[in-house]
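Coordinates from work.cif are shown below (mmCIF, C-alpha atoms).
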```cif
data_input
loop_
_atom_site.group_PDB
_atom_site.id
_atom_site.type_symbol
_atom_site.label_atom_id
_atom_site.label_comp_id
_atom_site.auth_asym_id
_atom_site.auth_seq_id
_atom_site.Cartn_x
_atom_site.Cartn_y
_atom_site.Cartn_z
ATOM 1 C CA MET C 1 -4.113 124.540 169.829
ATOM 2 C CA ILE C 2 -6.245 123.161 166.963
ATOM 3 C CA ALA C 3 -4.544 122.425 163.640
ATOM 4 C CA PHE C 4 -6.514 122.452 160.394
ATOM 5 C CA GLU C 5 -5.721 120.925 157.015
ATOM 6 C CA ARG C 6 -7.526 120.069 153.812
ATOM 7 C CA GLU C 7 -7.210 116.830 151.851
ATOM 8 C CA GLY C 8 -9.385 117.534 148.841
ATOM 9 C CA ALA C 9 -13.019 117.310 149.981
ATOM 10 C CA LEU C 10 -11.911 116.168 153.460
ATOM 11 C CA ALA C 11 -11.066 118.692 156.168
ATOM 12 C CA VAL C 12 -9.214 117.523 159.277
ATOM 13 C CA ALA C 13 -9.189 119.381 162.589
ATOM 14 C CA THR C 14 -6.589 118.047 165.021
ATOM 15 C CA LEU C 15 -7.117 119.028 168.653
ATOM 16 C CA ALA C 16 -3.672 119.873 169.957
ATOM 17 C CA ARG C 17 -3.829 121.664 173.308
ATOM 18 C CA ALA C 18 -1.528 119.754 175.655
ATOM 19 C CA PRO C 19 -2.002 117.673 177.588
ATOM 20 C CA VAL C 20 -5.718 116.762 177.359
ATOM 21 C CA ASN C 21 -7.363 119.416 175.154
ATOM 22 C CA ALA C 22 -9.036 121.124 178.111
ATOM 23 C CA ILE C 23 -11.585 123.659 176.893
ATOM 24 C CA ASP C 24 -10.993 127.318 177.674
ATOM 25 C CA GLU C 25 -12.026 130.524 175.887
ATOM 26 C CA ASP C 26 -9.069 130.574 173.501
ATOM 27 C CA TRP C 27 -9.487 126.912 172.554
ATOM 28 C CA LEU C 28 -13.199 127.422 171.964
ATOM 29 C CA ALA C 29 -12.558 130.509 169.833
ATOM 30 C CA ARG C 30 -10.080 128.526 167.727
ATOM 31 C CA LEU C 31 -12.638 125.737 167.288
ATOM 32 C CA GLU C 32 -15.112 128.284 165.966
ATOM 33 C CA GLU C 33 -12.471 129.627 163.564
ATOM 34 C CA VAL C 34 -11.945 126.104 162.260
ATOM 35 C CA LEU C 35 -15.680 125.640 161.694
ATOM 36 C CA GLY C 36 -15.586 128.752 159.537
ATOM 37 C CA GLU C 37 -12.814 127.238 157.396
ATOM 38 C CA THR C 38 -14.772 124.137 156.341
ATOM 39 C CA SER C 39 -17.038 125.699 153.702
ATOM 40 C CA ALA C 40 -15.206 124.126 150.734
ATOM 41 C CA ALA C 41 -15.116 120.657 152.331
ATOM 42 C CA THR C 42 -17.620 117.817 152.234
ATOM 43 C CA VAL C 43 -16.498 116.096 155.449
ATOM 44 C CA LEU C 44 -14.905 117.430 158.647
ATOM 45 C CA LEU C 45 -12.945 114.891 160.700
ATOM 46 C CA ILE C 46 -12.173 115.965 164.282
ATOM 47 C CA ARG C 47 -9.349 114.082 165.994
ATOM 48 C CA SER C 48 -6.651 114.612 168.630
ATOM 49 C CA ASN C 49 -2.884 114.238 168.840
ATOM 50 C CA GLN C 50 -2.879 114.477 172.629
ATOM 51 C CA LYS C 51 -3.320 111.816 175.315
ATOM 52 C CA ALA C 52 -7.057 112.575 175.408
ATOM 53 C CA PHE C 53 -9.541 113.367 172.682
ATOM 54 C CA CYS C 54 -10.867 116.103 174.957
ATOM 55 C CA ALA C 55 -11.197 116.030 178.736
ATOM 56 C CA GLY C 56 -13.819 118.767 178.944
ATOM 57 C CA ALA C 57 -13.766 122.194 180.545
ATOM 58 C CA ASP C 58 -10.482 123.504 181.911
ATOM 59 C CA LEU C 59 -10.543 122.705 185.639
ATOM 60 C CA GLU C 60 -8.183 125.577 186.469
ATOM 61 C CA LEU C 61 -10.624 127.927 184.760
ATOM 62 C CA MET C 62 -13.489 126.503 186.813
ATOM 63 C CA ARG C 63 -11.479 126.718 190.030
ATOM 64 C CA SER C 64 -10.740 130.388 189.419
ATOM 65 C CA ARG C 65 -14.421 131.224 189.047
ATOM 66 C CA PHE C 66 -16.690 129.222 191.294
ATOM 67 C CA ASP C 67 -15.861 130.989 194.579
ATOM 68 C CA THR C 68 -17.741 134.235 193.868
ATOM 69 C CA PRO C 69 -21.156 135.104 192.419
ATOM 70 C CA GLU C 70 -19.464 137.121 189.677
ATOM 71 C CA GLY C 71 -17.164 134.232 188.812
ATOM 72 C CA ARG C 72 -20.036 131.777 188.727
ATOM 73 C CA THR C 73 -21.962 134.103 186.406
ATOM 74 C CA ARG C 74 -18.936 134.200 184.086
ATOM 75 C CA MET C 75 -18.725 130.402 184.196
ATOM 76 C CA VAL C 76 -22.375 130.039 183.188
ATOM 77 C CA ALA C 77 -21.740 132.468 180.313
ATOM 78 C CA PHE C 78 -18.785 130.317 179.240
ATOM 79 C CA VAL C 79 -20.923 127.169 179.232
ATOM 80 C CA ARG C 80 -23.516 129.054 177.184
ATOM 81 C CA GLU C 81 -20.750 129.879 174.685
ATOM 82 C CA ILE C 82 -19.772 126.206 174.472
ATOM 83 C CA GLN C 83 -23.428 125.404 173.762
ATOM 84 C CA ARG C 84 -23.480 127.983 170.967
ATOM 85 C CA VAL C 85 -20.303 126.746 169.261
ATOM 86 C CA LEU C 86 -21.369 123.102 169.488
ATOM 87 C CA ALA C 87 -24.749 124.021 168.014
ATOM 88 C CA ARG C 88 -22.897 125.635 165.111
ATOM 89 C CA LEU C 89 -20.881 122.436 164.686
ATOM 90 C CA GLU C 90 -24.093 120.403 164.704
ATOM 91 C CA ARG C 91 -25.676 122.646 162.036
ATOM 92 C CA LEU C 92 -22.771 122.491 159.577
ATOM 93 C CA PRO C 93 -23.853 121.214 156.150
ATOM 94 C CA GLN C 94 -20.684 119.109 156.092
ATOM 95 C CA VAL C 95 -20.714 115.578 157.483
ATOM 96 C CA THR C 96 -18.792 115.695 160.771
ATOM 97 C CA ILE C 97 -16.923 112.748 162.281
ATOM 98 C CA ALA C 98 -15.284 112.464 165.722
ATOM 99 C CA GLU C 99 -12.275 110.127 165.916
ATOM 100 C CA ILE C 100 -11.997 109.209 169.594
ATOM 101 C CA GLY C 101 -8.723 107.568 170.476
ATOM 102 C CA ALA C 102 -8.487 108.240 174.195
ATOM 103 C CA GLY C 103 -10.291 110.062 177.004
ATOM 104 C CA CYS C 104 -13.510 111.721 175.857
ATOM 105 C CA LEU C 105 -15.148 113.070 178.980
ATOM 106 C CA GLY C 106 -17.566 115.826 179.932
ATOM 107 C CA GLY C 107 -17.378 118.614 177.392
ATOM 108 C CA GLY C 108 -15.226 116.378 175.207
ATOM 109 C CA LEU C 109 -18.040 113.874 174.815
ATOM 110 C CA GLU C 110 -20.467 116.753 174.318
ATOM 111 C CA LEU C 111 -18.237 117.876 171.434
ATOM 112 C CA ALA C 112 -18.295 114.371 169.953
ATOM 113 C CA LEU C 113 -22.072 114.118 170.377
ATOM 114 C CA ALA C 114 -22.464 117.302 168.298
ATOM 115 C CA CYS C 115 -20.818 115.465 165.387
ATOM 116 C CA ASP C 116 -22.834 113.359 162.951
ATOM 117 C CA LEU C 117 -20.705 110.231 163.325
ATOM 118 C CA ARG C 118 -18.372 108.868 166.003
ATOM 119 C CA ILE C 119 -15.680 106.202 165.820
ATOM 120 C CA ALA C 120 -13.750 105.176 168.929
ATOM 121 C CA GLY C 121 -10.909 102.946 169.905
ATOM 122 C CA ASP C 122 -12.073 99.850 171.783
ATOM 123 C CA ASP C 123 -10.295 100.982 174.928
ATOM 124 C CA ALA C 124 -11.046 104.716 174.733
ATOM 125 C CA ARG C 125 -12.867 106.094 177.789
ATOM 126 C CA LEU C 126 -16.102 108.010 177.304
ATOM 127 C CA GLY C 127 -18.490 109.520 179.806
ATOM 128 C CA LEU C 128 -20.334 112.470 181.285
ATOM 129 C CA PRO C 129 -19.111 112.273 184.901
ATOM 130 C CA GLU C 130 -20.089 115.826 185.917
ATOM 131 C CA PRO C 131 -22.520 114.635 188.651
ATOM 132 C CA ARG C 132 -19.465 113.386 190.573
ATOM 133 C CA LEU C 133 -18.531 117.080 190.913
ATOM 134 C CA GLY C 134 -22.065 118.134 191.786
ATOM 135 C CA LEU C 135 -22.647 119.435 188.244
ATOM 136 C CA ILE C 136 -24.475 118.341 185.096
ATOM 137 C CA PRO C 137 -23.274 117.976 181.499
ATOM 138 C CA GLY C 138 -24.620 121.418 180.669
ATOM 139 C CA ALA C 139 -23.129 121.976 177.198
ATOM 140 C CA GLY C 140 -25.734 119.839 175.477
ATOM 141 C CA GLY C 141 -25.042 116.443 177.020
ATOM 142 C CA THR C 142 -28.458 115.989 178.613
ATOM 143 C CA GLN C 143 -30.116 116.832 175.281
ATOM 144 C CA ARG C 144 -28.023 115.084 172.624
ATOM 145 C CA LEU C 145 -27.209 111.829 174.409
ATOM 146 C CA PRO C 146 -30.890 110.790 174.862
ATOM 147 C CA ARG C 147 -31.579 111.571 171.192
ATOM 148 C CA ILE C 148 -28.568 109.567 170.065
ATOM 149 C CA ALA C 149 -28.527 106.570 172.388
ATOM 150 C CA GLY C 150 -31.993 106.653 173.949
ATOM 151 C CA GLU C 151 -33.228 107.799 177.336
ATOM 152 C CA ALA C 152 -32.293 104.554 179.100
ATOM 153 C CA ALA C 153 -28.634 104.730 178.073
ATOM 154 C CA ALA C 154 -28.496 108.467 178.775
ATOM 155 C CA LYS C 155 -29.863 108.001 182.298
ATOM 156 C CA ARG C 156 -27.434 105.162 182.942
ATOM 157 C CA LEU C 157 -24.411 107.195 181.887
ATOM 158 C CA ILE C 158 -25.388 110.601 183.274
ATOM 159 C CA LEU C 159 -27.156 109.642 186.512
ATOM 160 C CA GLY C 160 -24.536 107.001 187.242
ATOM 161 C CA ALA C 161 -21.654 109.268 186.192
ATOM 162 C CA GLU C 162 -20.419 106.151 184.418
ATOM 163 C CA VAL C 163 -17.300 106.091 182.257
ATOM 164 C CA ILE C 164 -17.368 103.361 179.617
ATOM 165 C CA THR C 165 -15.019 101.970 176.993
ATOM 166 C CA GLY C 166 -15.308 102.574 173.279
ATOM 167 C CA ALA C 167 -16.546 99.001 172.840
ATOM 168 C CA GLN C 168 -19.275 99.564 175.430
ATOM 169 C CA ALA C 169 -20.150 102.895 173.812
ATOM 170 C CA ALA C 170 -20.697 101.132 170.481
ATOM 171 C CA ALA C 171 -22.936 98.552 172.143
ATOM 172 C CA LEU C 172 -25.037 101.351 173.658
ATOM 173 C CA GLY C 173 -25.223 103.347 170.419
ATOM 174 C CA VAL C 174 -23.157 106.258 171.721
ATOM 175 C CA VAL C 175 -20.612 105.729 168.929
ATOM 176 C CA HIS C 176 -21.130 104.140 165.524
ATOM 177 C CA TRP C 177 -17.924 102.088 165.358
ATOM 178 C CA ALA C 178 -15.407 100.750 167.866
ATOM 179 C CA VAL C 179 -12.126 99.369 166.534
ATOM 180 C CA PRO C 180 -8.745 98.318 167.955
ATOM 181 C CA ALA C 181 -6.690 101.378 168.834
ATOM 182 C CA LYS C 182 -3.979 100.575 166.301
ATOM 183 C CA GLU C 183 -6.579 100.589 163.508
ATOM 184 C CA LEU C 184 -8.460 103.717 164.579
ATOM 185 C CA GLN C 185 -6.722 106.408 162.542
ATOM 186 C CA GLU C 186 -6.698 104.388 159.323
ATOM 187 C CA ARG C 187 -10.326 103.323 159.718
ATOM 188 C CA ALA C 188 -11.489 106.853 160.529
ATOM 189 C CA ARG C 189 -9.691 108.273 157.477
ATOM 190 C CA SER C 190 -11.130 105.526 155.285
ATOM 191 C CA ILE C 191 -14.683 106.258 156.420
ATOM 192 C CA ALA C 192 -14.139 110.008 156.053
ATOM 193 C CA ARG C 193 -12.676 109.680 152.546
ATOM 194 C CA ASP C 194 -15.464 107.350 151.416
ATOM 195 C CA ILE C 195 -18.097 109.840 152.533
ATOM 196 C CA ALA C 196 -16.136 112.757 151.082
ATOM 197 C CA SER C 197 -16.278 111.071 147.671
ATOM 198 C CA LEU C 198 -20.078 111.425 147.627
ATOM 199 C CA PRO C 199 -21.883 114.518 146.259
ATOM 200 C CA ALA C 200 -21.701 117.290 148.848
ATOM 201 C CA ALA C 201 -25.145 118.654 147.946
ATOM 202 C CA ALA C 202 -26.828 115.280 148.464
ATOM 203 C CA LEU C 203 -25.117 114.792 151.829
ATOM 204 C CA ALA C 204 -26.061 118.283 153.000
ATOM 205 C CA GLU C 205 -29.697 117.802 151.963
ATOM 206 C CA ALA C 206 -29.880 114.372 153.608
ATOM 207 C CA LYS C 207 -28.371 115.747 156.807
ATOM 208 C CA ALA C 208 -30.887 118.603 156.854
ATOM 209 C CA CYS C 209 -33.792 116.184 156.407
ATOM 210 C CA ILE C 210 -32.774 113.886 159.261
ATOM 211 C CA GLY C 211 -34.627 114.989 162.367
ATOM 212 C CA HIS C 212 -36.459 117.830 160.596
ATOM 213 C CA ALA C 213 -39.810 118.623 162.214
ATOM 214 C CA ASN C 214 -41.590 118.317 158.857
ATOM 215 C CA GLY C 215 -39.217 115.780 157.391
ATOM 216 C CA TYR C 216 -41.424 114.327 154.659
ATOM 217 C CA GLU C 217 -42.036 117.704 153.038
ATOM 218 C CA ARG C 218 -38.372 118.618 153.510
ATOM 219 C CA GLU C 219 -37.420 115.439 151.633
ATOM 220 C CA LEU C 220 -39.582 116.450 148.673
ATOM 221 C CA GLU C 221 -38.056 119.930 148.561
ATOM 222 C CA ALA C 222 -34.548 118.458 148.721
ATOM 223 C CA THR C 223 -35.340 115.918 146.009
ATOM 224 C CA ALA C 224 -36.552 118.675 143.683
ATOM 225 C CA ARG C 225 -33.346 120.674 144.221
ATOM 226 C CA LEU C 226 -31.104 117.655 143.693
ATOM 227 C CA LEU C 227 -32.896 116.446 140.565
ATOM 228 C CA ALA C 228 -32.104 119.788 138.942
ATOM 229 C CA GLN C 229 -28.349 119.486 139.629
ATOM 230 C CA ASP C 230 -25.956 118.544 136.842
ATOM 231 C CA GLU C 231 -24.017 116.170 139.075
ATOM 232 C CA THR C 232 -27.162 114.275 140.075
ATOM 233 C CA GLN C 233 -28.255 113.958 136.464
ATOM 234 C CA ARG C 234 -24.792 112.750 135.434
ATOM 235 C CA ARG C 235 -24.677 110.128 138.170
ATOM 236 C CA VAL C 236 -28.186 108.847 137.447
ATOM 237 C CA ARG C 237 -27.477 108.578 133.718
ATOM 238 C CA ALA C 238 -24.225 106.722 134.391
ATOM 239 C CA PHE C 239 -26.020 104.317 136.721
ATOM 240 C CA LEU C 240 -28.762 103.644 134.186
ATOM 241 C CA GLU C 241 -26.237 103.056 131.416
ATOM 242 C CA LYS C 242 -24.363 100.612 133.648
ATOM 243 C CA ARG C 243 -27.606 98.736 134.401
ATOM 244 C CA ARG C 244 -28.289 98.403 130.662
#
```
I need this file expressed as C-alpha cells, please.
Amino acid sequence: MIAFEREGALAVATLARAPVNAIDEDWLARLEEVLGETSAATVLLIRSNQKAFCAGADLELMRSRFDTPEGRTRMVAFVREIQRVLARLERLPQVTIAEIGAGCLGGGLELALACDLRIAGDDARLGLPEPRLGLIPGAGGTQRLPRIAGEAAAKRLILGAEVITGAQAAALGVVHWAVPAKELQERARSIARDIASLPAAALAEAKACIGHANGYERELEATARLLAQDETQRRVRAFLEKRR
C-alpha cells in the first residue's frame, strides 16, 4: 500500500496502492504510520510506483456514502481525517519532497501541497477538479494552494477546475521543478540526497521559521540554539579555515 525505506538520512515513501493510489481509510492510516517512521531521517521523499502519483479520494468509498445523511456525515469525518494527517505531514521537522510522475489530482495534489518541495515530470497532470463534481478541494487545497502559488493561480485552477501539466505547474509556482519524465526519478533523488547531506537541526529550524507568525524573533531563538551545537561550530570553523 505504501512502502517505506531508509537510505541513510533520506527516507523514501513509495505510494503503491494499485492502480492510482486512491485514498481510503487504510491507505491514510498507513501514510500516518510512515510519518511516524521518519524521526531518524533528514528528508522524506514521497513518490509513486503506480500509474498516478495519487488520484485523490477513493470514488467507490464516496459512492457508498453520499446517498444518506449518515453516510455523508461519515464522509465529512473522513475528509477531516485527511486534513489532520496532511497537517501532520506539513509539520514534520524533516524536509518533505513530492516526486510527481503522473496524475496528481484532488487529494493527491493536496498531499503534494502539504510537502515542502515538489518536483514533477513535464507531462504529469496536476489539478483540483473537485468543482466538476459539485465539490471543493476540502482537504486543505483551498488553503495551501493560495499560499504557495498565489490567489490568482489558486482561483484559476480551483474555480476553473483546470488540470495542468507539470511544466505549466512550474510556471505557476505550484511545483518547484519540472523535468522530462525520464529524468524525474534521478533528479528527485539527487535533490533529496543533496538536502539530506545538510545538518538536520539547521533544516528543521529554518523550516520552523518560514511562515512563523513572529518569524524574526523565531530566527533569533533558532540561531542561538544552532550556535551552541557542536556540528554548527565544526562547520563554521572548517569554513573559516578554508577561507584563510
Just the residues within 7 Å of Ala161 of chain C, please, counting all atoms listed in the file, with nothing from its chain fewer than 3 positions along; format it as a PDB file with C-alpha atoms, in the frame of the given file.
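See out08.pdb below for the written result:
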```pdb
ATOM      1  CA  LEU C 128     -20.334 112.470 181.285  1.00  0.00           C
ATOM      2  CA  PRO C 129     -19.111 112.273 184.901  1.00  0.00           C
ATOM      3  CA  GLU C 130     -20.089 115.826 185.917  1.00  0.00           C
ATOM      4  CA  PRO C 131     -22.520 114.635 188.651  1.00  0.00           C
ATOM      5  CA  ARG C 132     -19.465 113.386 190.573  1.00  0.00           C
ATOM      6  CA  LEU C 157     -24.411 107.195 181.887  1.00  0.00           C
ATOM      7  CA  ILE C 158     -25.388 110.601 183.274  1.00  0.00           C
TER       8      ILE C 158
END
```
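Between atom CA of Arg88 of chain C and atom CA of Cys115 of chain C lies a distance of 10.4 Å.
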Could you list, with a cut-off of 9 Å and counting all atoms listed in the file, the residues of segment 78-102 of chain C near segment 119-123 of chain C, each shown with its nearest atom pair and the distance in Å rounded to one decimal, rows sorted by chain and ascending number, as a tab-separated table?
```
residue	atom	partner	partner_atom	distance
C:Ile97	CA	C:Ile119	CA	7.5
C:Ala98	CA	C:Ile119	CA	6.3
C:Glu99	CA	C:Ile119	CA	5.2
C:Ile100	CA	C:Ala120	CA	4.4
C:Gly101	CA	C:Gly121	CA	5.1
C:Ala102	CA	C:Gly121	CA	7.2
```
Measuring atom to atom with all atoms listed in the file, identify which of C:Ala16, C:Leu61, C:Ala112, C:Leu44 is nearest to Arg30 of chain C.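 Of the candidates, the smallest distance to Arg30 of chain C is held by C:Ala16.
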Two-atom distance - atom CA of Thr42 of chain C, atom CA of Cys54 of chain C (Å):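 Result for atom CA of Thr42 of chain C versus atom CA of Cys54 of chain C: 23.8 Å, one decimal.
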Sel. within 12 Å of pt (-28.9, 109.6, 177.2), counting all atoms listed in the file, output as an MDAnalysis selection string: chainID C and resid 109:110 113 127:128 137 140:162 169 172:174
For the provided coordinates, the residues matched by the PyMOL selection byres ((chain C and resi 89) around 12) should be stated as a PyMOL selection string. chain C and resi 28+31-38+44-46+82-88+90-98+110-116
Using the chain letters and numbers from this file, what does the PyMOL selection byres ((chain C and resi 164) around 6) select? Give the answer as a CSV table (one decimal) with C-alpha atoms, keeping the file's coordinate frame.
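So selection29.csv came out as:
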```csv
chain,number,residue,atom,x,y,z
C,125,ARG,CA,-12.9,106.1,177.8
C,126,LEU,CA,-16.1,108.0,177.3
C,163,VAL,CA,-17.3,106.1,182.3
C,165,THR,CA,-15.0,102.0,177.0
C,168,GLN,CA,-19.3,99.6,175.4
```
Calculate how many Å separate atom CA of Ile195 of chain C from atom CA of Glu7 of chain C, rounding to one decimal. 13.0 Å
Translate the PyMOL selection byres ((chain C and resi 13) around 6) into a concrete residue list for this structure, as a list in words.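 So the PyMOL selection byres ((chain C and resi 13) around 6) ends up selecting Ala3, Phe4, Val12, Thr14 and Ile46 of chain C.
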Need to verify the contact set: Ile210 of chain C, 12 Å, all atoms listed in the file, exclusion of same-chain residues closer than 4 positions in sequence. Can you return it as number ranges by chain? C: 91, 93, 116, 203-206, 214-219, 222
Can those selected residues be exported to a file as an mmCIF file, in the frame of the given file so that it contains C-alpha atoms?
```cif
data_model
loop_
_atom_site.group_PDB
_atom_site.id
_atom_site.type_symbol
_atom_site.label_atom_id
_atom_site.label_comp_id
_atom_site.auth_asym_id
_atom_site.auth_seq_id
_atom_site.Cartn_x
_atom_site.Cartn_y
_atom_site.Cartn_z
ATOM 1 C CA ARG C 91 -25.676 122.646 162.036
ATOM 2 C CA PRO C 93 -23.853 121.214 156.150
ATOM 3 C CA ASP C 116 -22.834 113.359 162.951
ATOM 4 C CA LEU C 203 -25.117 114.792 151.829
ATOM 5 C CA ALA C 204 -26.061 118.283 153.000
ATOM 6 C CA GLU C 205 -29.697 117.802 151.963
ATOM 7 C CA ALA C 206 -29.880 114.372 153.608
ATOM 8 C CA ASN C 214 -41.590 118.317 158.857
ATOM 9 C CA GLY C 215 -39.217 115.780 157.391
ATOM 10 C CA TYR C 216 -41.424 114.327 154.659
ATOM 11 C CA GLU C 217 -42.036 117.704 153.038
ATOM 12 C CA ARG C 218 -38.372 118.618 153.510
ATOM 13 C CA GLU C 219 -37.420 115.439 151.633
ATOM 14 C CA ALA C 222 -34.548 118.458 148.721
#
```
Exercise on segment 192-210 of chain C, axis-aligned box with 3 Å per side, report centre and edge lengths in Å to one decimal, as JSON:
```
{"center_x": -23.2, "center_y": 113.0, "center_z": 152.8, "size_x": 27.1, "size_y": 17.3, "size_z": 19.0}
```
Selected residue, from C:Cys209, C:Leu59, C:Ala139, C:Ala18, that lies nearest to Arg80 of chain C when counting only C-alpha atoms: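 Checking each of C:Cys209, C:Leu59, C:Ala139, C:Ala18 against Arg80 of chain C, counting only C-alpha atoms, the winner is C:Ala139.
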Residue with smallest distance to Pro180 of chain C - pool C:Ala213, C:Leu220, C:Ala124, C:Leu135, counting all atoms listed in the file: C:Ala124
